[in-house]
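A.B. asks: Sending over data.pdb (PDB, C-alpha atoms and all ligand atoms).
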```
MODEL        1
ATOM      1  CA  MET A  25      95.240  34.860 -62.595  1.00  0.00           C
ATOM      2  CA  GLU A  26      95.284  32.964 -65.885  1.00  0.00           C
ATOM      3  CA  GLU A  27      99.038  32.400 -65.614  1.00  0.00           C
ATOM      4  CA  TYR A  28      98.577  31.162 -62.048  1.00  0.00           C
ATOM      5  CA  LEU A  29      95.879  28.671 -63.147  1.00  0.00           C
ATOM      6  CA  LYS A  30      98.096  27.441 -65.977  1.00  0.00           C
ATOM      7  CA  LYS A  31     100.955  26.754 -63.541  1.00  0.00           C
ATOM      8  CA  PHE A  32      98.584  25.213 -60.993  1.00  0.00           C
ATOM      9  CA  ASN A  33      97.067  22.856 -63.563  1.00  0.00           C
ATOM     10  CA  SER A  34     100.509  21.906 -64.845  1.00  0.00           C
ATOM     11  CA  TYR A  35     101.637  21.111 -61.296  1.00  0.00           C
ATOM     12  CA  ARG A  36      98.444  19.164 -60.580  1.00  0.00           C
ATOM     13  CA  SER A  37      98.789  17.161 -63.797  1.00  0.00           C
ATOM     14  CA  ALA A  38     102.439  16.357 -63.079  1.00  0.00           C
ATOM     15  CA  SER A  39     101.551  15.303 -59.528  1.00  0.00           C
ATOM     16  CA  PHE A  40      98.810  12.985 -60.735  1.00  0.00           C
ATOM     17  CA  THR A  41     101.114  11.486 -63.378  1.00  0.00           C
ATOM     18  CA  TRP A  42     103.695  10.825 -60.679  1.00  0.00           C
ATOM     19  CA  LEU A  43     101.053   9.047 -58.543  1.00  0.00           C
ATOM     20  CA  VAL A  44     100.006   6.862 -61.490  1.00  0.00           C
ATOM     21  CA  ILE A  45     103.582   5.919 -62.454  1.00  0.00           C
ATOM     22  CA  ARG A  46     104.446   5.073 -58.840  1.00  0.00           C
ATOM     23  CA  LYS A  47     101.210   3.038 -58.585  1.00  0.00           C
ATOM     24  CA  ILE A  48     100.178   4.882 -55.439  1.00  0.00           C
ATOM     25  CA  CYS A  49      97.117   6.506 -56.955  1.00  0.00           C
ATOM     26  CA  LEU A  50      94.162   5.475 -54.794  1.00  0.00           C
ATOM     27  CA  THR A  51      92.721   2.649 -56.861  1.00  0.00           C
ATOM     28  CA  GLN A  52      90.668   0.014 -55.101  1.00  0.00           C
ATOM     29  CA  GLU A  53      93.712  -2.285 -55.202  1.00  0.00           C
ATOM     30  CA  VAL A  54      95.756   0.260 -53.238  1.00  0.00           C
ATOM     31  CA  LEU A  55      92.909   0.986 -50.819  1.00  0.00           C
ATOM     32  CA  GLN A  56      92.503  -2.744 -50.105  1.00  0.00           C
ATOM     33  CA  LYS A  57      96.228  -3.007 -49.354  1.00  0.00           C
ATOM     34  CA  LYS A  58      95.685  -0.185 -46.851  1.00  0.00           C
ATOM     35  CA  GLY A  59      92.994  -2.246 -45.132  1.00  0.00           C
ATOM     36  CA  ARG A  60      89.826  -0.797 -46.648  1.00  0.00           C
ATOM     37  CA  THR A  61      87.016  -3.244 -47.358  1.00  0.00           C
ATOM     38  CA  LEU A  62      85.665  -2.573 -50.831  1.00  0.00           C
ATOM     39  CA  VAL A  63      83.871  -4.363 -53.629  1.00  0.00           C
ATOM     40  CA  PRO A  64      86.847  -5.301 -55.806  1.00  0.00           C
ATOM     41  CA  ARG A  65      85.426  -4.145 -59.125  1.00  0.00           C
ATOM     42  CA  CYS A  66      86.415  -1.432 -61.560  1.00  0.00           C
ATOM     43  CA  PHE A  67      83.987   1.474 -61.116  1.00  0.00           C
ATOM     44  CA  LEU A  68      83.971   2.089 -64.881  1.00  0.00           C
ATOM     45  CA  CYS A  69      83.268  -1.349 -66.345  1.00  0.00           C
ATOM     46  CA  ASN A  70      82.402  -3.384 -63.249  1.00  0.00           C
ATOM     47  CA  LEU A  71      84.030  -6.414 -64.907  1.00  0.00           C
ATOM     48  CA  THR A  72      87.308  -6.939 -63.095  1.00  0.00           C
ATOM     49  CA  GLY A  73      89.410  -5.708 -60.216  1.00  0.00           C
ATOM     50  CA  GLU A  74      90.439  -2.053 -60.242  1.00  0.00           C
ATOM     51  CA  THR A  75      94.201  -2.172 -60.531  1.00  0.00           C
ATOM     52  CA  ASN A  76      96.440   0.647 -61.677  1.00  0.00           C
ATOM     53  CA  SER A  77      97.092  -0.832 -65.119  1.00  0.00           C
ATOM     54  CA  HIS A  78      93.448  -1.814 -65.631  1.00  0.00           C
ATOM     55  CA  LEU A  79      92.059   1.607 -64.711  1.00  0.00           C
ATOM     56  CA  PHE A  80      94.546   3.683 -66.701  1.00  0.00           C
ATOM     57  CA  LEU A  81      95.326   1.350 -69.616  1.00  0.00           C
ATOM     58  CA  HIS A  82      93.147  -1.703 -70.133  1.00  0.00           C
ATOM     59  CA  CYS A  83      89.597  -0.875 -69.043  1.00  0.00           C
ATOM     60  CA  LYS A  84      87.289  -0.897 -72.061  1.00  0.00           C
ATOM     61  CA  PHE A  85      86.228   2.682 -71.278  1.00  0.00           C
ATOM     62  CA  THR A  86      89.806   3.885 -70.847  1.00  0.00           C
ATOM     63  CA  ILE A  87      90.801   2.248 -74.126  1.00  0.00           C
ATOM     64  CA  GLN A  88      88.223   4.393 -75.929  1.00  0.00           C
ATOM     65  CA  HIS A  89      89.988   7.537 -74.655  1.00  0.00           C
ATOM     66  CA  TRP A  90      93.413   6.216 -75.667  1.00  0.00           C
ATOM     67  CA  GLU A  91      92.108   5.360 -79.123  1.00  0.00           C
ATOM     68  CA  LEU A  92      90.719   8.878 -79.496  1.00  0.00           C
ATOM     69  CA  LEU A  93      94.041  10.406 -78.422  1.00  0.00           C
ATOM     70  CA  LEU A  94      96.000   8.168 -80.781  1.00  0.00           C
ATOM     71  CA  ASP A  95      93.609   8.988 -83.612  1.00  0.00           C
ATOM     72  CA  ILE A  96      93.920  12.748 -83.021  1.00  0.00           C
ATOM     73  CA  THR A  97      97.727  12.567 -82.858  1.00  0.00           C
ATOM     74  CA  SER A  98      97.970  10.084 -85.772  1.00  0.00           C
ATOM     75  CA  GLN A  99      99.983   7.629 -83.708  1.00  0.00           C
ATOM     76  CA  SER A 100      99.692   3.933 -83.082  1.00  0.00           C
ATOM     77  CA  TRP A 101     101.207   1.559 -80.574  1.00  0.00           C
ATOM     78  CA  ALA A 102     100.709  -1.700 -78.769  1.00  0.00           C
ATOM     79  CA  MET A 103      99.242  -0.907 -75.354  1.00  0.00           C
ATOM     80  CA  PRO A 104     101.904  -1.581 -72.703  1.00  0.00           C
ATOM     81  CA  GLU A 105     101.256  -3.813 -69.703  1.00  0.00           C
ATOM     82  CA  GLN A 106     102.173  -1.218 -67.056  1.00  0.00           C
ATOM     83  CA  THR A 107     101.578   2.529 -66.739  1.00  0.00           C
ATOM     84  CA  ALA A 108     105.285   3.187 -66.223  1.00  0.00           C
ATOM     85  CA  ASP A 109     105.944   1.709 -69.689  1.00  0.00           C
ATOM     86  CA  LEU A 110     103.342   4.034 -71.187  1.00  0.00           C
ATOM     87  CA  PHE A 111     104.886   7.134 -69.710  1.00  0.00           C
ATOM     88  CA  SER A 112     108.376   6.114 -70.784  1.00  0.00           C
ATOM     89  CA  PHE A 113     106.972   6.081 -74.343  1.00  0.00           C
ATOM     90  CA  PHE A 114     105.823   9.700 -74.003  1.00  0.00           C
ATOM     91  CA  PHE A 115     108.578  11.310 -71.975  1.00  0.00           C
ATOM     92  CA  PHE A 116     111.826   9.423 -72.578  1.00  0.00           C
TER      93      PHE A 116
HETATM   94 ZN    ZN A 201      87.261  -1.317 -66.006  1.00  0.00          ZN
ENDMDL
END
```
Once you've parsed the file, please lay out its structure as structure tokens.
Ligand SMILES: [Zn+2]
C.D. replies:
Amino acid sequence: MEEYLKKFNSYRSASFTWLVIRKICLTQEVLQKKGRTLVPRCFLCNLTGETNSHLFLHCKFTIQHWELLLDITSQSWAMPEQTADLFSFFFF
């Protein structure tokens, strides 16, 4: 069972990463393009529109998580503009 959960979580994480890189993760920006009527604000900070790059890179709450990760791994970088640039840093 534990091995199954490990594989399932790995698959789920890879699937979510793929959605983020392709910018098809259901952010409010994507939902509005699909015709949904929403309040165009980030649900974390409520300061600006919820775009892919804002939610996963530039939101003030998201930045705190990135800073923690960078601190734990003793790395530093300039935050990229797009999520695809971020993942190319990690995986390529
Ligand atoms: Zn935000």
A.B. asks: Tell me which protein, DNA and RNA residues are within 6 Å of region 44-55 of chain A, counting all atoms listed in the file, leaving out same-chain ones fewer than 2 positions away, and put them as a list in words.
C.D. replies: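 Counting only the stated atoms, we get Thr41, Trp42, Lys57, Lys58, Arg60, Glu74, Thr75, Thr107 and Ala108 of chain A.
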A.B. asks: Using the chain letters and numbering of this document, enumerate as an MDAnalysis selection string the residues selected by the PyMOL selection byres (((chain A and resi 69-71) around 12) and not hetatm).
C.D. replies: chainID A and resid 63:68 72:75 78:79 82:87
A.B. asks: Out of A:Trp90, A:Leu110, A:Asp95, A:Ser77, which residue has the shortest atom-to-atom distance to ligand ZN 201 (chain A) when counting all atoms listed in the file?
C.D. replies: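 Among A:Trp90, A:Leu110, A:Asp95, A:Ser77, it is A:Ser77 that comes nearest to ligand ZN 201 (chain A).
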A.B. asks: Expressed in Å to a single decimal, how great is the separation between CA of Gln88 (chain A) and CA of Pro104 (chain A)?
C.D. replies: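 Separating CA of Gln88 (chain A) from CA of Pro104 (chain A) is a distance of 15.3 Å.
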A.B. asks: Measure the distance from CA of Ser39 (chain A) to CA of Phe80 (chain A) in Å and round it to one decimal.
C.D. replies: 15.3 Å
A.B. asks: Between CA of Leu94 (chain A) and CA of Asp109 (chain A), what distance in Å does the model show, to one decimal?
C.D. replies: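 Computing it gives 16.2 Å between the two atoms.
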A.B. asks: Determine the nearest neighbour of ligand ZN 201 (chain A) from the options A:Glu27, A:Leu81, A:Thr61, A:Phe40, counting only C-alpha atoms and all ligand atoms.
C.D. replies: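 For ligand ZN 201 (chain A), the nearest of the candidates is A:Leu81.
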A.B. asks: Take every atom of region 31-41 of chain A listed in the file, fit an axis-aligned box around them, add 4 Å per side, and give the centre and edge lengths in Å to one decimal as lines of an AutoDock Vina configuration file.
C.D. replies:
```
center_x = 99.8
center_y = 19.1
center_z = -62.2
size_x = 13.4
size_y = 23.3
size_z = 13.3
```
A.B. asks: Could you check which of A:Leu92, A:Phe32, A:Asn76, A:Met103 is closest to ligand ZN 201 (chain A), using all atoms listed in the file?
C.D. replies: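 When distances to ligand ZN 201 (chain A) are compared using all atoms listed in the file, the smallest one comes from A:Asn76.
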